[in-house]
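Asks: Pasting in a structure now, in structure tokens, and then I'll have a few things to ask.
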Amino acid sequence: MGYTQQAEWHDHYARGETFRALTDSERAVLDTALRPAGPAVALDVGCGLGELALYLNEMGYAVDAVDYAESAIELAAAQAPDDADVRFLRHDIEHDDLAALPHDAYDLITLRLSYAFLHNRTWLLNRLGEQLRPGGAVCIITSLADAVPTDRRDIALDEDEIALATAGWAAAERFDADGMAVLVLREPAAGPVSFADKRRPAPQGLIGAGVVVTDEQGRVLLGRSVRGVWELPGGKPTPGESFEQAAVRELAEETGLEASVDDAQVLAVLMDTTHDVPRLTAAVRVTAHHGMPTVTEPDLFHRWEWHWPSDLPALTGALFTPSAHVLDCVWPGLLKGLPPVHRNRVLQPAPPEDPEQARESHRLRQKMTDQLIDQGYIDDASVETAFRRVRRHLFLPGIPLETVYAAADATVTTKCDGNGRATSTVSAPWLQAVMLREAALGPGQSALEIGSNGPNAALMQELVGPNGQVTTLDIDPYVVERTARFLPAAGYDRVHVVLGDGEHGAPGLTDEGSLDAILVTVQALDIPPTWITPLVEGGRLVVPLRIHGYSWAIAFEKRGDELVSRSYTVCGFVPMQGAGARVEDVVSLRSGEIRVRFPEGGTADAELLTQALKAPRLERRTGVTLPGNTSFDKLMLWLATTMDGFCRLAVDPELDTGIVERPKGWDAAAVVRDGSLARLLLQQTTASTWEWVIHAYGPAAEQLAEEMTQQVIIWDRDHHVRDAPRLTIRSRLNGDTEPTRARTVAKQHTLLDFDWTHPHRTSL
């Protein structure tokens with residue numbers, strides 16, 4: 001049953017065929033090792049007809065059971081008892097968005113007789129580890145290669161694969177169940193990747209090419225060799241071949257991927273020593289290919305897998321040393337502790353731009369800039385000049401010029417994660433213009449951009465001029481490589497491109513007074529000290545700051561040890577990665593139908609709220625109306641800073657029973673207190689007018705509805721739609737925890753003081 005395609009599994013179950021039944025030995029192991037002590041949630045991956053999912057439910061888990069075979073899900077749901085707390089969902093665990101799963105995290109994730117069928121199992125196991133709740137476990141049940149016929153070993157794991165699966169975990173237990181291995185993995189533990197070499201090479205093996213090829217998500221292809229190490233595609237050139245030709249040929253021979261020599265580029269020639277013999281390796285980047293990776297040489301490789309570059313520093317299993325050196329040419333600084341190597345960079349001239357494209361891009365760039373001026377986004381001559389000069393299209397090859405130069409909203413995604421969510425984008429021109437205006441960069445100044453991609457750093461370099469210095473930093477090696485490649489090609493070789501975690505600032509730019517401005521182009525949940533200390537007095541920080549789940553690009557000015565806001569702009573950015581990322585607190589109600597989110601931390605009694613929702617709903621009309629297409633984001637901020645227990649409420653559209661009216665657009669503003677819940681919503685009263693209404697539930701519904709109603713009325717009476725509070729940021733690093741007259745939100749690094757008595761207008 002070595003199926004490899006989704007349709008094969010669908011047909012298998014549609015024909016009425018089954019799968020290996022769950023054994024008593026498996027039940028005994030599960031019961032001993034994984035029985036929950038209290039309420040818990042499990043995810044069963046590759047659930048088939050649901051036998052394991054139903055047993056997990058008997059053990060005490062609420063279960064989300066997923067399979068990519070539609071027939072399996074239909075049959076499993078039809079056969080399950082009505083009272084089973086199991087949801088059967090069609091979901092492709094390798095390709096669909098993990099965020100689409102009913103729960104954000106799980107106490108147990110099981111893969112019974114499915115792990116060996118996964119194409120990118122190492123990558124997926126890392127992702128599943130990220131989906132575990134504290135103390136959670138991944139359980140892999142697998143056949144053993146030694147116990148199955150030779151022609152069926154692709155459905156089982158050998159000891160090398162088992163060692164690889166367990167290596168990335170702090171605790172790994174192994175049990176036997178009727179000859180199958182049951183692996184229980186707890187606490188993902190990222191360890192440093194190791195490097196390995198082959199036996200002493202033959203003379204003709206001393207020259208070779210290592211090929212870096214990435215998929216549409218930016219993942220790099222590595223092969224698991226029969227020697228038990230990870231390797232890039234590649235090999236030695238034949239007589240008369242160039243490195244580029246050898247790279248393309250070896251890529252096709254080893255993986256089945258086809259590429260053109262025109263899309264192969266030698267980045268460097270590397271020289272190291274193995275077994276006291278000098279070795280030359282060409283680092284070749286192939287930028288375009290077609291096909292699917294396939295094992296064409298089973299005597300050399302077991303399989304090919306796509307890996308995120310950010311996973312490589314903790315890759316389980318050794319990495320072939322020349323492959324590691326080649327990867328370091330593409331993503332400098334990614335891998336630590338590399339063996340010594342001499343690196344000879346190959347300079348590649350920027351390709352000449354097509355004259356017709358150059359003329360058209362110039363026309364569209366001038367038109368875009370004129371529109372930004374007319375719309376009020378650009379009101380400074382230096383910013384105007386920068387926008388007229390920077391050739392955005394050189395940073396976005398393959399994107400239509402009309403899209404690149406659309407002034408209104410030309411946000412372009414340049415990388416997605418494994419779930420299809422954007423992790424890196426080029427911001428819309430209007431938003432770049434606003435942030436650059438607020439940063440007020442001038443000639444000779446020093447500026448840092450956190451979150452790279454190229455065009456914004458180029459605009460910054462135009463503003464600071466030849467005597468200024470711009471550094472752009474990103475945590476993603478793929479983004480850094482891309483930015484470092486495109487900036488010089490566009491004429492901005494003075495920008496310093498750095499790989500690092502923005503939470504910690506840029507190397508050499510953390511001392512007091514070392515920066516005139518910092519622009520953050522990722523959504524931040526807090527402001528670390530490394531974004532405050534380096535600023536000169538009067539220096540500017542422009543940051544998309546997320547407050548209670550809402551995001552504004554806020555411009556701050558440094559005054560002493562504090563930051564004081566100058567303007568707010570509603571915006572959306574990709575979330576920060578690394579140390580600055582946070583997992584918000586979520587309370588799930590009615591088996592995931594309703595999610596109560598506490599972005600700034602908090603909790604609620606799920607049982608009491610579930611009971612509250614069963615009571616009759618109280619509806620309170622506020623009498624406060626507004627015309628359509630009116631911004632009301634500051635009302636959300638007003639409620640968040642004036643009402644205790646503020647939270648956000650979301651309803652899963654696939655599970656919606658109508659018990660709570662599903663929010664449209666943003667998750668609803670809500671308040672939870674005393675086992676009760678109140679939420680805010682808009683109801684249309686005329687063709688062009690809407691009214692704020694409160695729905696409340698539970699024993700304190702009347703009190704919460706009245707309090708929320710009064711706050712909406714006060715906001716409408718005292719604070720204009722575009723009024724924003726003056727926000728002062730105090731660093732907790734200084735021990736400054738004294739309360740002020742302002743309404744304060746406490747974050748990890750800072751205290752946010754909102755002063756509504758001295759509001760200022762938002763910039764837009």
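In the structure tokens, each chain is lettered A, B, ... as it comes, each chain's residues begin at 1, and ligands are numbered from 1 in order of appearance.
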For Ala77 of chain A, list every protein, DNA or RNA residue within 12 Å, evaluated using only C-alpha atoms, and leave out those in the same chain fewer than 4 positions away; present the list as JSON, numbers by chain.

Replies: {"A": [47, 48, 49, 50, 51, 53, 54, 64, 65, 66, 67, 70, 71, 72, 73, 81, 82, 83, 84, 85, 86, 87, 88, 89, 90]}

Asks: Show which residues sit within 7 Å of segment 158-175 of chain A, as a PyMOL selection string. Count only C-alpha atoms, and ignore same-chain residues fewer than 6 positions away.

Replies: chain A and resi 144-145+181-190+316-317

Asks: Can you pull out the residues contacting Leu125 of chain A? Cut-off 9 Å, using only C-alpha atoms, and skip same-chain residues under 4 positions away; I want them as a short mmCIF file (atom, residue, chain, number, x, y, z; two decimals) with N, CA, C and O atoms, in the first residue's frame.

Replies:
data_model
loop_
_atom_site.label_atom_id
_atom_site.label_comp_id
_atom_site.auth_asym_id
_atom_site.auth_seq_id
_atom_site.Cartn_x
_atom_site.Cartn_y
_atom_site.Cartn_z
N ASN A 120 7.75 15.64 3.35
CA ASN A 120 8.65 16.58 4.05
C ASN A 120 8.51 16.37 5.55
O ASN A 120 8.10 17.27 6.29
N ARG A 121 8.84 15.16 5.98
CA ARG A 121 8.54 14.79 7.37
C ARG A 121 9.35 15.58 8.39
O ARG A 121 8.85 15.91 9.46
N GLY A 129 5.68 20.34 16.30
CA GLY A 129 6.22 20.67 17.62
C GLY A 129 5.84 22.07 18.06
O GLY A 129 5.62 22.33 19.25
N GLU A 130 5.71 23.00 17.09
CA GLU A 130 5.30 24.36 17.40
C GLU A 130 3.83 24.46 17.76
O GLU A 130 3.39 25.46 18.31
N VAL A 138 4.00 14.59 20.88
CA VAL A 138 3.74 14.02 19.57
C VAL A 138 3.93 12.52 19.68
O VAL A 138 4.94 12.06 20.23
N ALA A 165 13.97 11.15 13.81
CA ALA A 165 12.71 11.71 14.32
C ALA A 165 12.80 12.06 15.80
O ALA A 165 12.22 13.04 16.25
#

Asks: Provide the atom CA of Trp308 of chain A to atom CA of Glu244 of chain A distance in Å, to one decimal place.

Replies: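 One can read the atom CA of Trp308 of chain A to atom CA of Glu244 of chain A distance as 24.1 Å.
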
Asks: Between A:Gly223, A:Ala177, A:Gly208, A:Leu677, which residue has the minimum interatomic distance to Thr238 of chain A, considering only C-alpha atoms?

Replies: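 Once distances to Thr238 of chain A are computed over only C-alpha atoms, the minimum belongs to A:Gly208.
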
Asks: Using only C-alpha atoms, which residues of segment 10-102 of chain A come within 12 Å of segment 421-435 of chain A, and what is the closest atom pair for each, with the distance in Å to one decimal? Give it as a Markdown table, sorted by chain and residue number.

Replies:
| residue | atom | partner | partner_atom | distance |
| --- | --- | --- | --- | --- |
| A:His95 | CA | A:Arg421 | CA | 11.6 |
| A:Asp96 | CA | A:Arg421 | CA | 10.3 |
| A:Asp97 | CA | A:Arg421 | CA | 7.7 |
| A:Leu98 | CA | A:Arg421 | CA | 9.7 |
| A:Ala99 | CA | A:Arg421 | CA | 8.9 |
| A:Ala100 | CA | A:Arg421 | CA | 11.0 |

Asks: With all heavy atoms retained, export the selected residues as a tab-separated table (two decimals), in the first residue's frame.

Replies:
chain	number	residue	atom	x	y	z
A	95	HIS	N	0.29	20.68	3.24
A	95	HIS	CA	0.10	21.80	2.33
A	95	HIS	C	-0.94	22.82	2.79
A	95	HIS	O	-0.89	23.97	2.38
A	95	HIS	CB	-0.28	21.29	0.94
A	95	HIS	CG	0.78	20.42	0.32
A	95	HIS	ND1	0.67	19.05	0.25
A	95	HIS	CD2	1.98	20.73	-0.21
A	95	HIS	CE1	1.75	18.56	-0.33
A	95	HIS	NE2	2.56	19.55	-0.61
A	96	ASP	N	-1.90	22.42	3.61
A	96	ASP	CA	-2.92	23.36	4.05
A	96	ASP	C	-2.42	24.16	5.25
A	96	ASP	O	-1.47	23.79	5.93
A	96	ASP	CB	-4.21	22.61	4.43
A	96	ASP	CG	-4.93	22.06	3.20
A	96	ASP	OD1	-4.58	22.48	2.08
A	96	ASP	OD2	-5.81	21.20	3.36
A	97	ASP	N	-3.10	25.26	5.51
A	97	ASP	CA	-2.72	26.18	6.57
A	97	ASP	C	-3.01	25.57	7.94
A	97	ASP	O	-4.15	25.22	8.25
A	97	ASP	CB	-3.52	27.48	6.40
A	97	ASP	CG	-3.04	28.60	7.29
A	97	ASP	OD1	-2.25	28.33	8.22
A	97	ASP	OD2	-3.47	29.74	7.08
A	98	LEU	N	-1.97	25.44	8.77
A	98	LEU	CA	-2.18	24.91	10.12
A	98	LEU	C	-3.08	25.84	10.94
A	98	LEU	O	-3.73	25.39	11.89
A	98	LEU	CB	-0.84	24.71	10.83
A	98	LEU	CG	0.05	23.59	10.29
A	98	LEU	CD1	1.35	23.52	11.07
A	98	LEU	CD2	-0.66	22.25	10.34
A	99	ALA	N	-3.10	27.12	10.58
A	99	ALA	CA	-3.97	28.06	11.29
A	99	ALA	C	-5.45	27.74	11.06
A	99	ALA	O	-6.30	28.22	11.80
A	99	ALA	CB	-3.67	29.49	10.86
A	100	ALA	N	-5.75	26.94	10.03
A	100	ALA	CA	-7.14	26.58	9.76
A	100	ALA	C	-7.64	25.47	10.67
A	100	ALA	O	-8.83	25.17	10.69
A	100	ALA	CB	-7.28	26.14	8.30

Asks: Do a neighbour search on Val520 of chain A at 10 Å with only C-alpha atoms, toss out local chain neighbours closer than 6 positions, and write the hits as an MDAnalysis selection string.

Replies: chainID A and resid 435 448:452 472:473 502 531 541:545 553 573 576

Asks: Going by DSSP on the backbone, which residues of segment 499-561 of chain A come out as strand (DSSP E)? List them as a ChimeraX atom specification.

Replies: /A:499,515-520,535-547,550-559

Asks: Only C-alpha atoms, please: the residues just picked out, written as an mmCIF file, in the first residue's frame.

Replies:
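Everything below was put into again33.cif:
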data_model
loop_
_atom_site.group_PDB
_atom_site.id
_atom_site.type_symbol
_atom_site.label_atom_id
_atom_site.label_comp_id
_atom_site.auth_asym_id
_atom_site.auth_seq_id
_atom_site.Cartn_x
_atom_site.Cartn_y
_atom_site.Cartn_z
ATOM 1 C CA LEU A 499 21.020 38.780 9.387
ATOM 2 C CA LEU A 515 20.917 56.144 15.498
ATOM 3 C CA ASP A 516 18.832 59.080 14.318
ATOM 4 C CA ALA A 517 15.851 56.917 13.351
ATOM 5 C CA ILE A 518 14.528 53.362 13.403
ATOM 6 C CA LEU A 519 11.824 52.151 11.032
ATOM 7 C CA VAL A 520 10.207 48.830 11.887
ATOM 8 C CA LEU A 535 18.187 56.789 19.490
ATOM 9 C CA VAL A 536 19.632 60.267 19.852
ATOM 10 C CA GLU A 537 17.598 62.809 21.794
ATOM 11 C CA GLY A 538 14.765 63.759 19.475
ATOM 12 C CA GLY A 539 15.351 60.620 17.407
ATOM 13 C CA ARG A 540 12.358 58.938 15.766
ATOM 14 C CA LEU A 541 10.981 55.423 16.006
ATOM 15 C CA VAL A 542 8.225 54.462 13.565
ATOM 16 C CA VAL A 543 6.773 51.070 14.435
ATOM 17 C CA PRO A 544 3.622 49.075 13.616
ATOM 18 C CA LEU A 545 2.630 48.415 17.219
ATOM 19 C CA ARG A 546 -0.046 45.880 18.071
ATOM 20 C CA ILE A 547 -2.176 46.902 21.056
ATOM 21 C CA TYR A 550 -5.235 46.198 16.787
ATOM 22 C CA SER A 551 -2.302 47.562 14.789
ATOM 23 C CA TRP A 552 -1.166 51.144 14.146
ATOM 24 C CA ALA A 553 2.050 52.502 12.676
ATOM 25 C CA ILE A 554 2.917 54.920 15.465
ATOM 26 C CA ALA A 555 5.622 57.553 15.121
ATOM 27 C CA PHE A 556 7.473 58.306 18.367
ATOM 28 C CA GLU A 557 10.041 60.904 19.338
ATOM 29 C CA LYS A 558 12.627 60.206 22.031
ATOM 30 C CA ARG A 559 12.490 62.557 25.014
#

Asks: Find the residues around segment 224-227 of chain A up to 9 Å (only C-alpha atoms counted), leave out those fewer than 4 positions away in its own chain, and share them as a list in words.

Replies: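 Here the answer would be Lys198, Glu231, Pro298, Asp299, Leu300, Phe301, His302, Arg303, Trp304 and Glu305 of chain A.
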
Asks: Could you tell me which of A:Gly645, A:Gly210, A:Gly578, A:Pro455 comes closest to Pro599 of chain A if we count only C-alpha atoms?

Replies: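 Under the stated criterion, the closest residue is A:Gly645.
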
Asks: At what distance in Å, to one decimal, does atom CA of Leu681 of chain A lie from atom CA of Asp633 of chain A?

Replies: 13.0 Å

Asks: Skipping near chain neighbours, those fewer than 4 positions away, what residues fall within 12 Å of Ala252 of chain A using only C-alpha atoms, listed as a PyMOL selection string?

Replies: chain A and resi 211+213+233-235+245-248+256-261+286+289-297

Asks: Keeping only N, CA and C atoms, write the selected residues as a CSV table (one decimal), in the first residue's frame.

Replies:
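As written to disk, selection01.csv reads:
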chain,number,residue,atom,x,y,z
A,211,VAL,N,24.3,22.8,-5.3
A,211,VAL,CA,23.2,23.5,-5.9
A,211,VAL,C,22.2,23.9,-4.8
A,213,VAL,N,18.5,25.3,-4.5
A,213,VAL,CA,17.3,25.6,-5.2
A,213,VAL,C,16.2,25.7,-4.1
A,233,PRO,N,21.7,19.0,-3.7
A,233,PRO,CA,22.0,18.4,-5.0
A,233,PRO,C,23.3,18.8,-5.5
A,234,GLY,N,23.9,18.1,-6.3
A,234,GLY,CA,25.2,18.5,-6.9
A,234,GLY,C,26.1,17.3,-7.2
A,235,GLY,N,27.3,17.6,-7.7
A,235,GLY,CA,28.3,16.6,-8.1
A,235,GLY,C,29.4,17.2,-8.9
A,245,GLN,N,26.7,24.4,-15.9
A,245,GLN,CA,26.2,23.2,-16.6
A,245,GLN,C,26.1,22.0,-15.8
A,246,ALA,N,27.2,21.8,-15.0
A,246,ALA,CA,27.2,20.6,-14.1
A,246,ALA,C,26.1,20.7,-13.1
A,247,ALA,N,25.8,21.9,-12.5
A,247,ALA,CA,24.8,22.1,-11.5
A,247,ALA,C,23.4,21.7,-12.1
A,248,VAL,N,23.1,22.2,-13.3
A,248,VAL,CA,21.8,21.9,-13.9
A,248,VAL,C,21.7,20.4,-14.2
A,256,GLY,N,15.3,15.0,-10.5
A,256,GLY,CA,14.3,15.1,-11.5
A,256,GLY,C,13.8,16.5,-11.8
A,257,LEU,N,14.4,17.5,-11.1
A,257,LEU,CA,14.0,18.9,-11.3
A,257,LEU,C,14.8,19.4,-12.6
A,258,GLU,N,14.0,20.1,-13.4
A,258,GLU,CA,14.6,20.6,-14.7
A,258,GLU,C,14.9,22.1,-14.5
A,259,ALA,N,16.0,22.6,-15.0
A,259,ALA,CA,16.3,24.0,-14.9
A,259,ALA,C,17.2,24.4,-16.1
A,260,SER,N,17.2,25.7,-16.4
A,260,SER,CA,18.0,26.2,-17.5
A,260,SER,C,19.4,26.7,-17.0
A,261,VAL,N,20.4,26.5,-17.8
A,261,VAL,CA,21.7,27.0,-17.4
A,261,VAL,C,21.7,28.6,-17.2
A,286,VAL,N,20.4,28.2,-8.3
A,286,VAL,CA,19.5,28.0,-9.4
A,286,VAL,C,18.2,28.7,-9.0
A,289,HIS,N,13.1,26.6,-11.7
A,289,HIS,CA,13.0,25.2,-12.0
A,289,HIS,C,11.6,24.8,-12.2
A,290,HIS,N,11.4,23.6,-12.7
A,290,HIS,CA,10.1,23.0,-12.7
A,290,HIS,C,10.2,21.5,-12.5
A,291,GLY,N,9.0,20.9,-12.0
A,291,GLY,CA,9.0,19.5,-11.7
A,291,GLY,C,8.9,19.3,-10.2
A,292,MET,N,8.8,18.0,-9.8
A,292,MET,CA,8.7,17.7,-8.4
A,292,MET,C,9.9,16.8,-8.0
A,293,PRO,N,10.5,17.1,-6.8
A,293,PRO,CA,11.7,16.3,-6.4
A,293,PRO,C,11.3,14.8,-6.4
A,294,THR,N,12.2,14.0,-6.9
A,294,THR,CA,11.9,12.5,-7.0
A,294,THR,C,13.3,11.8,-6.8
A,295,VAL,N,13.2,10.7,-6.1
A,295,VAL,CA,14.4,9.9,-5.8
A,295,VAL,C,14.7,9.1,-7.1
A,296,THR,N,15.7,9.6,-7.9
A,296,THR,CA,16.1,8.9,-9.1
A,296,THR,C,17.3,8.0,-8.9
A,297,GLU,N,18.0,8.2,-7.8
A,297,GLU,CA,19.2,7.4,-7.6
A,297,GLU,C,19.1,6.8,-6.2

Asks: Name the residues in contact with Ala116 of chain A at a cut-off of 7 Å, using only C-alpha atoms, excluding same-chain residues fewer than 2 positions from it; report them as a list of chain:residue names.

Replies: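 Listing them by chain and then by number gives A:Ser114, A:Leu118, A:Asp154, A:Ile155, A:Ala156, A:Leu157.
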
Asks: Do you have the atom CA of Ile729 of chain A-atom CA of Gln710 of chain A distance handy?

Replies: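 The value is 28.2 Å.
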
Asks: Measuring between only C-alpha atoms, which one of A:Glu17, A:Glu706, A:Asp585, A:Glu74 shows the shortest distance to Gly601 of chain A?

Replies: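 Among A:Glu17, A:Glu706, A:Asp585, A:Glu74, it is A:Asp585 that comes nearest to Gly601 of chain A.
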
Asks: Can you list every residue in segment 303-515 of chain A that DSSP puts in helix (DSSP H, G or I), as a PyMOL selection string?

Replies: chain A and resi 309-314+321-330+355-374+381-389+392-395+401-404+429-439+455-464+477-489+502-504

Asks: I need the residue nearest Arg620 of chain A from this list: A:Leu680, A:Val574, A:Ala490, A:Ile694. Use only C-alpha atoms for the distance.

Replies: A:Ile694

Asks: Determine, using only C-alpha atoms, which residues of segment 171-276 of chain A have any atom at most 12 Å from an atom of segment 474-482 of chain A, and tabulate each with its shortest atom pair and distance in Å to one decimal place, rows ordered by chain and then rising number, as CSV.

Replies:
residue,atom,partner,partner_atom,distance
A:Val212,CA,A:Tyr478,CA,11.6
A:Val213,CA,A:Tyr478,CA,11.5
A:Thr214,CA,A:Tyr478,CA,9.4
A:Asp215,CA,A:Tyr478,CA,11.4
A:Glu216,CA,A:Tyr478,CA,11.6
A:Gln217,CA,A:Tyr478,CA,9.9
A:Gly218,CA,A:Tyr478,CA,6.6
A:Arg219,CA,A:Tyr478,CA,8.5
A:Val220,CA,A:Tyr478,CA,9.4
A:Leu267,CA,A:Glu481,CA,11.6

Asks: May I ask which of the residues A:Met643, A:Ile207, A:Val671, A:Val41 is the closest one to Ser588 of chain A, counting only C-alpha atoms?

Replies: A:Val41

Asks: Of the residues A:Arg388, A:Val712, A:Pro309, A:Ser591, which is the one nearest to Phe632 of chain A, using only C-alpha atoms?

Replies: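 Using only C-alpha atoms, the shortest distance to Phe632 of chain A belongs to A:Val712.
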